[in-house]
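This is coords32.txt (compact mmCIF, C-alpha atoms and all ligand atoms).
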# COMPACT_ATOMS: atom_id res chain seq x y z
CA MET A 325 -16.04 0.37 -37.78
CA ALA A 326 -16.53 0.17 -34.02
CA THR A 327 -14.45 2.60 -31.98
CA LYS A 328 -11.70 0.96 -30.01
CA GLU A 329 -12.08 0.75 -26.25
CA THR A 330 -9.72 2.87 -24.15
CA ALA A 331 -7.14 1.24 -21.88
CA ALA A 332 -4.12 2.27 -19.81
CA VAL A 333 -0.96 0.40 -18.86
CA GLY A 334 -0.21 -0.02 -15.15
CA VAL A 335 3.27 -1.03 -13.97
CA ASP A 336 3.77 -2.21 -10.40
CA LEU A 337 7.53 -2.05 -9.81
CA GLY A 338 8.61 -4.25 -6.92
CA GLY A 339 11.98 -5.44 -5.63
CA THR A 340 11.48 -8.98 -6.95
CA SER A 341 8.94 -8.69 -9.76
CA VAL A 342 7.61 -6.19 -12.27
CA LYS A 343 3.88 -6.64 -12.76
CA VAL A 344 2.39 -5.03 -15.84
CA GLY A 345 -1.29 -4.89 -16.72
CA LEU A 346 -3.45 -3.45 -19.45
CA VAL A 347 -6.44 -1.96 -17.64
CA ASP A 348 -9.68 -0.78 -19.23
CA SER A 349 -11.48 2.37 -18.13
CA LYS A 350 -13.65 0.40 -15.69
CA GLY A 351 -10.62 -0.93 -13.84
CA LYS A 352 -10.59 -4.43 -15.30
CA ILE A 353 -7.21 -6.00 -16.09
CA VAL A 354 -7.55 -7.32 -19.63
CA ARG A 355 -3.93 -8.43 -20.09
CA LYS A 356 -1.11 -9.10 -17.67
CA ALA A 357 2.62 -9.83 -17.66
CA VAL A 358 4.85 -10.65 -14.67
CA LEU A 359 8.64 -10.46 -15.05
CA ASP A 360 11.66 -10.68 -12.76
CA THR A 361 12.93 -7.25 -11.73
CA TYR A 362 16.63 -8.22 -11.62
CA ALA A 363 17.09 -5.29 -9.22
CA GLU A 364 20.55 -6.56 -8.21
CA GLU A 365 21.77 -6.05 -11.80
CA GLY A 366 21.26 -2.28 -11.62
CA PRO A 367 18.88 0.31 -13.07
CA ASP A 368 19.51 -0.33 -16.80
CA ARG A 369 18.43 -3.93 -16.47
CA VAL A 370 15.36 -2.97 -14.43
CA VAL A 371 14.29 -0.40 -17.03
CA LYS A 372 14.75 -3.05 -19.74
CA GLN A 373 12.44 -5.41 -17.84
CA ILE A 374 9.80 -2.69 -17.47
CA LYS A 375 9.92 -1.93 -21.21
CA LYS A 376 9.71 -5.63 -22.04
CA GLY A 377 6.62 -6.06 -19.88
CA ILE A 378 4.90 -3.04 -21.40
CA HIS A 379 5.61 -4.27 -24.95
CA GLU A 380 4.16 -7.64 -23.98
CA VAL A 381 0.76 -6.25 -22.96
CA LEU A 382 0.62 -3.73 -25.84
CA LYS A 383 1.65 -6.05 -28.64
CA PRO A 384 -1.67 -7.78 -29.36
CA GLY A 385 -3.18 -4.31 -30.00
CA GLY A 386 -6.96 -3.80 -30.05
CA TYR A 387 -7.14 -0.90 -27.60
CA LYS A 388 -6.74 2.85 -27.78
CA ILE A 389 -3.94 3.42 -25.24
CA LYS A 390 -4.41 6.45 -23.02
CA GLY A 391 -1.03 6.27 -21.35
CA ILE A 392 1.32 4.43 -19.00
CA GLY A 393 1.35 4.66 -15.20
CA ILE A 394 4.17 3.37 -12.99
CA GLY A 395 3.98 2.89 -9.23
CA SER A 396 7.50 2.79 -7.82
CA PRO A 397 9.07 2.45 -4.39
CA GLY A 398 11.26 5.31 -3.23
CA VAL A 399 10.93 9.05 -3.68
CA VAL A 400 9.54 10.16 -7.03
CA GLN A 401 9.96 13.59 -8.61
CA LEU A 402 6.67 13.87 -10.36
CA LYS A 403 7.54 16.42 -13.01
CA ASP A 404 10.24 14.43 -14.74
CA GLY A 405 9.29 10.99 -13.50
CA ILE A 406 12.60 10.68 -11.63
CA VAL A 407 12.83 7.80 -9.15
CA GLU A 408 15.32 8.33 -6.32
CA ASN A 409 16.94 5.64 -4.17
CA PRO A 410 14.20 3.02 -4.07
CA PRO A 411 14.93 0.67 -1.13
CA ASN A 412 16.26 -2.76 -2.23
CA PHE A 413 17.44 -1.44 -5.64
CA PRO A 414 21.27 -1.46 -5.50
CA GLY A 415 23.19 1.05 -7.62
CA TRP A 416 20.14 3.18 -8.16
CA THR A 417 20.55 6.86 -7.26
CA LYS A 418 18.39 8.98 -9.58
CA VAL A 419 16.85 7.44 -12.69
CA LYS A 420 14.77 9.37 -15.22
CA LEU A 421 12.30 6.52 -15.55
CA GLY A 422 9.42 8.60 -16.92
CA LYS A 423 11.56 10.08 -19.68
CA LYS A 424 12.91 6.69 -20.74
CA ILE A 425 9.37 5.29 -20.99
CA ILE A 426 8.08 8.25 -23.00
CA GLU A 427 11.02 7.93 -25.43
CA GLU A 428 10.33 4.23 -25.96
CA PHE A 429 6.54 4.27 -26.30
CA LYS A 430 5.63 7.87 -27.27
CA LEU A 431 2.74 7.72 -24.84
CA ALA A 432 1.79 9.96 -21.90
CA SER A 433 3.56 8.49 -18.87
CA PHE A 434 3.13 9.08 -15.17
CA VAL A 435 5.43 7.84 -12.42
CA ASP A 436 4.45 8.10 -8.78
CA ASN A 437 5.36 6.63 -5.42
CA ASP A 438 3.58 3.31 -4.82
CA ALA A 439 1.74 4.54 -1.69
CA ASN A 440 0.34 7.47 -3.70
CA ALA A 441 -0.57 5.12 -6.54
CA ALA A 442 -2.48 2.93 -4.06
CA ALA A 443 -4.47 5.97 -2.87
CA ILE A 444 -5.21 7.11 -6.41
CA GLY A 445 -6.19 3.54 -7.32
CA GLU A 446 -8.80 3.48 -4.55
CA LEU A 447 -9.95 6.97 -5.57
CA ILE A 448 -10.48 6.08 -9.25
CA PHE A 449 -11.51 2.39 -9.09
CA GLY A 450 -12.04 1.39 -5.48
CA ALA A 451 -13.45 2.14 -2.05
CA GLY A 452 -12.42 5.82 -2.23
CA LYS A 453 -14.73 6.52 -5.17
CA LYS A 454 -17.61 7.38 -2.87
CA PHE A 455 -15.60 9.80 -0.70
CA ASP A 456 -14.50 13.36 -1.49
CA SER A 457 -11.74 13.07 1.10
CA PHE A 458 -10.17 9.99 2.66
CA ILE A 459 -6.95 8.59 4.08
CA MET A 460 -5.52 5.48 2.45
CA ILE A 461 -3.60 3.16 4.75
CA THR A 462 -1.61 0.19 3.45
CA LEU A 463 -0.52 -2.34 6.05
CA GLY A 464 2.55 -4.35 5.05
CA THR A 465 6.21 -4.38 5.99
CA GLY A 466 5.63 -0.69 6.64
CA VAL A 467 2.50 1.33 7.24
CA GLY A 468 1.92 3.39 4.10
CA GLY A 469 -0.35 6.40 3.91
CA GLY A 470 -1.91 8.57 1.24
CA ILE A 471 -4.06 11.64 1.77
CA VAL A 472 -6.88 12.49 -0.64
CA LEU A 473 -8.53 15.87 -0.09
CA ASP A 474 -11.45 16.91 -2.31
CA LYS A 475 -10.62 14.17 -4.83
CA LYS A 476 -6.99 15.34 -5.08
CA LEU A 477 -3.92 13.66 -3.68
CA PHE A 478 -2.26 15.91 -1.11
CA ARG A 479 1.53 15.73 -1.45
CA GLY A 480 2.73 18.40 0.99
CA SER A 481 5.37 21.06 0.38
CA HIS A 482 8.14 18.56 -0.48
CA GLY A 483 6.22 15.49 -1.59
CA PHE A 484 6.50 13.70 1.74
CA ALA A 485 2.89 13.99 2.94
CA GLY A 486 1.09 10.91 4.19
CA GLU A 487 3.85 9.32 6.28
CA ILE A 488 1.25 8.22 8.79
CA GLY A 489 3.29 5.12 9.63
CA HIS A 490 5.83 7.36 11.36
CA GLY A 491 3.35 9.28 13.45
CA SER A 492 4.13 8.34 17.06
CA ILE A 493 1.46 7.06 19.43
CA ASP A 494 3.87 6.69 22.37
CA TYR A 495 6.91 8.89 22.90
CA ALA A 496 8.45 6.20 25.09
CA GLY A 497 7.56 3.35 22.73
CA PRO A 498 9.91 1.05 20.80
CA GLN A 499 12.48 2.69 18.52
CA CYS A 500 11.59 2.76 14.85
CA LYS A 501 14.05 2.40 11.98
CA CYS A 502 13.27 6.05 11.13
CA GLY A 503 14.93 7.05 14.44
CA SER A 504 11.77 8.09 16.28
CA TYR A 505 9.98 6.16 19.03
CA GLY A 506 6.56 4.54 19.17
CA CYS A 507 5.68 5.11 15.50
CA ILE A 508 2.53 3.18 14.59
CA GLU A 509 4.75 1.22 12.20
CA THR A 510 6.64 -0.26 15.17
CA TYR A 511 3.36 -1.89 16.24
CA ALA A 512 1.66 -2.64 12.92
CA GLY A 513 4.54 -3.24 10.46
CA ASN A 514 4.66 -6.98 9.68
CA ASN A 515 8.14 -7.65 11.07
CA TYR A 516 7.65 -5.55 14.20
CA LEU A 517 4.30 -7.23 14.81
CA THR A 518 5.57 -10.78 14.47
CA ALA A 519 8.65 -10.02 16.60
CA ARG A 520 6.46 -8.67 19.40
CA VAL A 521 4.07 -11.61 19.23
CA LYS A 522 7.00 -14.02 19.29
CA ASP A 523 8.25 -12.44 22.53
CA ALA A 524 4.80 -12.53 24.10
CA LEU A 525 4.37 -16.18 23.12
CA LEU A 526 7.21 -17.13 25.49
CA GLN A 527 4.74 -16.45 28.30
CA ARG A 528 1.84 -17.99 26.40
CA GLU A 529 2.91 -21.53 25.66
CA ASP A 530 -0.76 -22.52 25.68
CA SER A 531 -1.64 -20.41 22.65
CA LEU A 532 -2.90 -22.15 19.54
CA ILE A 533 -0.27 -20.18 17.60
CA THR A 534 2.54 -22.02 19.43
CA ARG A 535 0.81 -25.36 18.87
CA ILE A 536 0.35 -24.83 15.12
CA MET A 537 3.96 -23.64 14.75
CA ARG A 538 5.22 -26.74 16.52
CA GLU A 539 2.94 -29.25 14.79
CA GLU A 540 3.23 -27.87 11.26
CA GLN A 541 6.81 -26.61 11.58
CA ILE A 542 5.87 -23.24 10.14
CA PRO A 543 7.16 -19.78 11.07
CA LEU A 544 5.14 -17.09 12.78
CA THR A 545 3.38 -14.85 10.25
CA PRO A 546 0.41 -12.45 10.38
CA LYS A 547 -1.47 -15.12 8.43
CA LEU A 548 -0.92 -17.64 11.22
CA ILE A 549 -2.08 -15.14 13.83
CA SER A 550 -5.18 -14.62 11.71
CA ARG A 551 -5.79 -18.36 11.52
CA ALA A 552 -5.54 -18.77 15.29
CA MET A 553 -7.82 -15.77 15.80
CA GLU A 554 -10.46 -17.32 13.55
CA ALA A 555 -10.21 -20.55 15.52
CA GLY A 556 -11.04 -18.57 18.67
CA ASP A 557 -7.60 -18.51 20.30
CA GLU A 558 -7.77 -15.97 23.11
CA PHE A 559 -4.21 -14.73 22.78
CA ALA A 560 -4.48 -14.25 18.98
CA ILE A 561 -7.74 -12.35 19.50
CA SER A 562 -6.05 -10.07 22.04
CA VAL A 563 -3.21 -9.39 19.58
CA VAL A 564 -5.64 -8.31 16.85
CA ASP A 565 -7.76 -6.23 19.23
CA ASP A 566 -4.68 -4.45 20.55
CA LEU A 567 -3.32 -3.83 17.06
CA GLY A 568 -6.65 -2.44 15.87
CA ARG A 569 -6.95 -0.14 18.85
CA LYS A 570 -3.45 1.27 18.30
CA LEU A 571 -4.14 1.84 14.59
CA GLY A 572 -7.36 3.59 15.62
CA TYR A 573 -5.38 5.94 17.86
CA SER A 574 -3.12 6.90 14.98
CA PHE A 575 -6.15 7.45 12.72
CA ALA A 576 -7.63 9.71 15.39
CA ASN A 577 -4.47 11.85 15.34
CA VAL A 578 -4.80 12.30 11.60
CA ALA A 579 -8.55 12.97 11.75
CA ASN A 580 -8.09 15.57 14.50
CA ILE A 581 -5.60 17.48 12.36
CA LEU A 582 -7.25 17.23 8.95
CA ASP A 583 -10.94 16.79 9.80
CA VAL A 584 -11.00 13.81 7.45
CA THR A 585 -12.86 10.87 8.99
CA ASN A 586 -12.93 8.32 6.14
CA PHE A 587 -10.17 5.70 6.19
CA VAL A 588 -9.58 3.04 3.55
CA VAL A 589 -7.37 0.21 4.84
CA GLY A 590 -5.61 -2.31 2.63
CA GLY A 591 -2.63 -4.66 2.64
CA GLY A 592 -1.90 -8.03 4.15
CA VAL A 593 -2.69 -7.41 7.82
CA ALA A 594 -6.10 -6.11 6.79
CA GLY A 595 -6.72 -9.87 6.30
CA PHE A 596 -7.43 -9.95 10.05
CA GLY A 597 -10.89 -9.01 8.84
CA LYS A 598 -13.89 -7.69 10.67
CA ARG A 599 -12.36 -8.08 14.12
CA LEU A 600 -9.52 -5.69 13.20
CA PHE A 601 -11.90 -3.17 11.66
CA THR A 602 -14.14 -3.19 14.74
CA ALA A 603 -11.11 -2.61 16.99
CA MET A 604 -9.76 0.17 14.76
CA GLU A 605 -13.08 1.95 14.88
CA ALA A 606 -13.29 1.59 18.67
CA GLY A 607 -9.75 2.97 19.06
CA MET A 608 -10.42 5.86 16.72
CA LYS A 609 -13.69 6.82 18.41
CA GLU A 610 -12.03 6.64 21.80
CA ARG A 611 -9.46 9.31 20.86
CA VAL A 612 -10.99 11.49 18.16
CA GLY A 613 -12.56 14.90 18.86
CA LYS A 614 -16.15 14.77 20.14
CA SER A 615 -17.74 16.31 17.08
CA LEU A 616 -16.05 13.75 14.78
CA LYS A 617 -16.96 10.60 16.76
CA SER A 618 -20.13 9.73 14.88
CA LEU A 619 -18.43 10.42 11.52
CA CYS A 620 -15.60 7.86 11.76
CA LYS A 621 -15.72 5.46 8.85
CA ILE A 622 -13.10 2.76 8.29
CA VAL A 623 -13.59 0.52 5.26
CA PRO A 624 -11.47 -2.17 3.61
CA ALA A 625 -9.66 -1.32 0.38
CA LYS A 626 -11.36 -2.72 -2.69
CA LEU A 627 -8.35 -3.36 -4.93
CA LYS A 628 -6.94 -6.47 -3.28
CA ASN A 629 -4.22 -8.55 -4.93
CA GLU A 630 -3.95 -6.42 -8.07
CA ALA A 631 -3.86 -3.12 -6.18
CA GLY A 632 -0.35 -2.36 -7.49
CA ILE A 633 -1.24 -2.68 -11.20
CA LEU A 634 -4.63 -0.99 -10.81
CA GLY A 635 -3.21 1.89 -8.77
CA ALA A 636 -0.48 2.46 -11.36
CA SER A 637 -2.96 2.46 -14.24
CA ALA A 638 -5.21 4.82 -12.28
CA LEU A 639 -2.38 7.39 -12.45
CA VAL A 640 -3.27 7.71 -16.14
CA TYR A 641 -6.98 8.23 -15.44
CA TYR A 642 -6.34 10.62 -12.54
CA LYS A 643 -6.52 14.30 -13.38
CA TYR A 644 -3.27 15.97 -12.35
CA ASN A 645 -3.22 19.64 -11.47
ZN ZN B 701 9.16 5.69 12.37
Give the structure from this file in structure tokens form.
Amino acid sequence: MATKETAAVGVDLGGTSVKVGLVDSKGKIVRKAVLDTYAEEGPDRVVKQIKKGIHEVLKPGGYKIKGIGIGSPGVVQLKDGIVENPPNFPGWTKVKLGKKIIEEFKLASFVDNDANAAAIGELIFGAGKKFDSFIMITLGTGVGGGIVLDKKLFRGSHGFAGEIGHGSIDYAGPQCKCGSYGCIETYAGNNYLTARVKDALLQREDSLITRIMREEQIPLTPKLISRAMEAGDEFAISVVDDLGRKLGYSFANVANILDVTNFVVGGGVAGFGKRLFTAMEAGMKERVGKSLKSLCKIVPAKLKNEAGILGASALVYYKYN
């Protein structure tokens, strides 16, 4: 009889949907289930949905299951798989998610913060495979960060390491929801970015962005900025160049402290493509220490749309200390 192939379950827990995948050891999703999270109905219902999704991908059998990985928003206590106060999950204080999953499935289970899962995903299956050390940046509503040093995720003394989004690049900059000023998130976070562009557009009535919004009756989104940039709109190009440069400055701060010069960048805004990457590299080289200048390397993340599931499943393949 042929030996069964190994696979791991990856659960991407989001505020609106729970995405569950069965992932083989090469990082291919062989089965997938997407369910509503029902976050507003409280933690018991959410846990029920997670279990349901896992049963769905396991039921057909055929694989030797190595374990279950869950990427969750909020703060995660690794040891017991406790998820604390995930944003947008009402009624949720501390939930022993890992324990509940182990009891149900009798399989090794790992719960980690979704930003850490993204970094581990790139380390095991993606663009981080070729680096010993790298910084993972995820551009979305926030600016997420994960630090990988010598193939190990660095968590810091209290598990809060990697909050690169709240590193300030201007002490007199706009106030961030964290209370500080000029955090890179206040420039690159989706909502902050679109709000700033909207303001600037009042002076730039001639921009293609304004024209498309008016003609197609669509709201301003990073995607629309990207579209105008690709069509050669000068204002949209300047927005992307400026954003890239600022991100590069924040990368330089990190590189100067850690002497890590490899950056893997993923998430929606990374859809600005080559132009953004060129600007990030220019910004980083402008501000990083002399001896690091020629070593700066910024590459796009490899795990695109399925990064959540793949990152979560990678928690199972990752070797914990
Ligand atoms: Zn902040």
Using only C-alpha atoms and all ligand atoms, which residues of chain A come within 8 Å of ligand ZN 701 (chain B), and what is the closest atom pair for each, with the distance in Å to one decimal? Give it as JSON lines, sorted by chain and residue number.
{"residue": "A:Gly489", "atom": "CA", "partner": "B:ZN701", "partner_atom": "ZN", "distance": 6.5}
{"residue": "A:His490", "atom": "CA", "partner": "B:ZN701", "partner_atom": "ZN", "distance": 3.9}
{"residue": "A:Gly491", "atom": "CA", "partner": "B:ZN701", "partner_atom": "ZN", "distance": 6.9}
{"residue": "A:Ser492", "atom": "CA", "partner": "B:ZN701", "partner_atom": "ZN", "distance": 7.4}
{"residue": "A:Gln499", "atom": "CA", "partner": "B:ZN701", "partner_atom": "ZN", "distance": 7.6}
{"residue": "A:Cys500", "atom": "CA", "partner": "B:ZN701", "partner_atom": "ZN", "distance": 4.5}
{"residue": "A:Lys501", "atom": "CA", "partner": "B:ZN701", "partner_atom": "ZN", "distance": 5.9}
{"residue": "A:Cys502", "atom": "CA", "partner": "B:ZN701", "partner_atom": "ZN", "distance": 4.3}
{"residue": "A:Gly503", "atom": "CA", "partner": "B:ZN701", "partner_atom": "ZN", "distance": 6.3}
{"residue": "A:Ser504", "atom": "CA", "partner": "B:ZN701", "partner_atom": "ZN", "distance": 5.3}
{"residue": "A:Tyr505", "atom": "CA", "partner": "B:ZN701", "partner_atom": "ZN", "distance": 6.7}
{"residue": "A:Gly506", "atom": "CA", "partner": "B:ZN701", "partner_atom": "ZN", "distance": 7.4}
{"residue": "A:Cys507", "atom": "CA", "partner": "B:ZN701", "partner_atom": "ZN", "distance": 4.7}
{"residue": "A:Ile508", "atom": "CA", "partner": "B:ZN701", "partner_atom": "ZN", "distance": 7.4}
{"residue": "A:Glu509", "atom": "CA", "partner": "B:ZN701", "partner_atom": "ZN", "distance": 6.3}
{"residue": "A:Thr510", "atom": "CA", "partner": "B:ZN701", "partner_atom": "ZN", "distance": 7.0}
Return as a tab-separated table the residues of range 417-505 of chain A lying at most 9 Å from range 619-642 of chain A, together with the closest atom-to-atom pair for each and the distance in Å to one decimal, counting only C-alpha atoms, with rows in chain order and ascending residue number.
residue	atom	partner	partner_atom	distance
A:Ala432	CA	A:Val640	CA	8.0
A:Ser433	CA	A:Val640	CA	7.4
A:Phe434	CA	A:Leu639	CA	6.4
A:Val435	CA	A:Leu639	CA	7.8
A:Asp436	CA	A:Leu639	CA	7.8
A:Asp438	CA	A:Gly632	CA	7.4
A:Asn440	CA	A:Gly635	CA	8.3
A:Ala441	CA	A:Gly635	CA	4.7
A:Ala442	CA	A:Gly635	CA	4.9
A:Ala443	CA	A:Gly635	CA	7.3
A:Ile444	CA	A:Gly635	CA	6.1
A:Gly445	CA	A:Gly635	CA	3.7
A:Glu446	CA	A:Leu627	CA	6.9
A:Leu447	CA	A:Ala638	CA	8.5
A:Ile448	CA	A:Ala638	CA	6.2
A:Phe449	CA	A:Ala638	CA	7.5
A:Gly450	CA	A:Lys626	CA	5.0
A:Ala451	CA	A:Lys626	CA	5.3
A:Gly452	CA	A:Ala625	CA	8.1
A:Met460	CA	A:Ala625	CA	8.2
A:Ile461	CA	A:Ala625	CA	8.7
A:Thr462	CA	A:Ala625	CA	8.7
A:Lys476	CA	A:Tyr642	CA	8.9
Practice prompt. Could you tell me how far CA of His379 in chain A lies from CA of Ser341 in chain A, in Å and to one decimal?
Written response: 16.2 Å
Discussion item. Would you compute the distance between CA of Ser615 in chain A and CA of Ala579 in chain A? Give it in Å to one decimal.
Written reply: 11.1 Å
Item to complete: Would you mind telling me which residue in A:Asp404, A:Asp348, A:Glu428, A:Asp474 lies nearest to Ile374 in chain A when using all atoms listed in the file?
Response: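 Of all the options, A:Glu428 lies closest to Ile374 in chain A.
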Worksheet item: Interatomic distance between CA of Arg369 in chain A and CA of Gly398 in chain A?
Response: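 Distance reported for this atom pair: 17.7 Å.
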Worksheet item: Can you list, as a PyMOL selection string, every protein, DNA or RNA residue that comes within 9 Å of range 525-537 of chain A when you count only C-alpha atoms, leaving out same-chain residues fewer than 6 positions away?
Response: chain A and resi 543-544+548-549+551-553+555-560
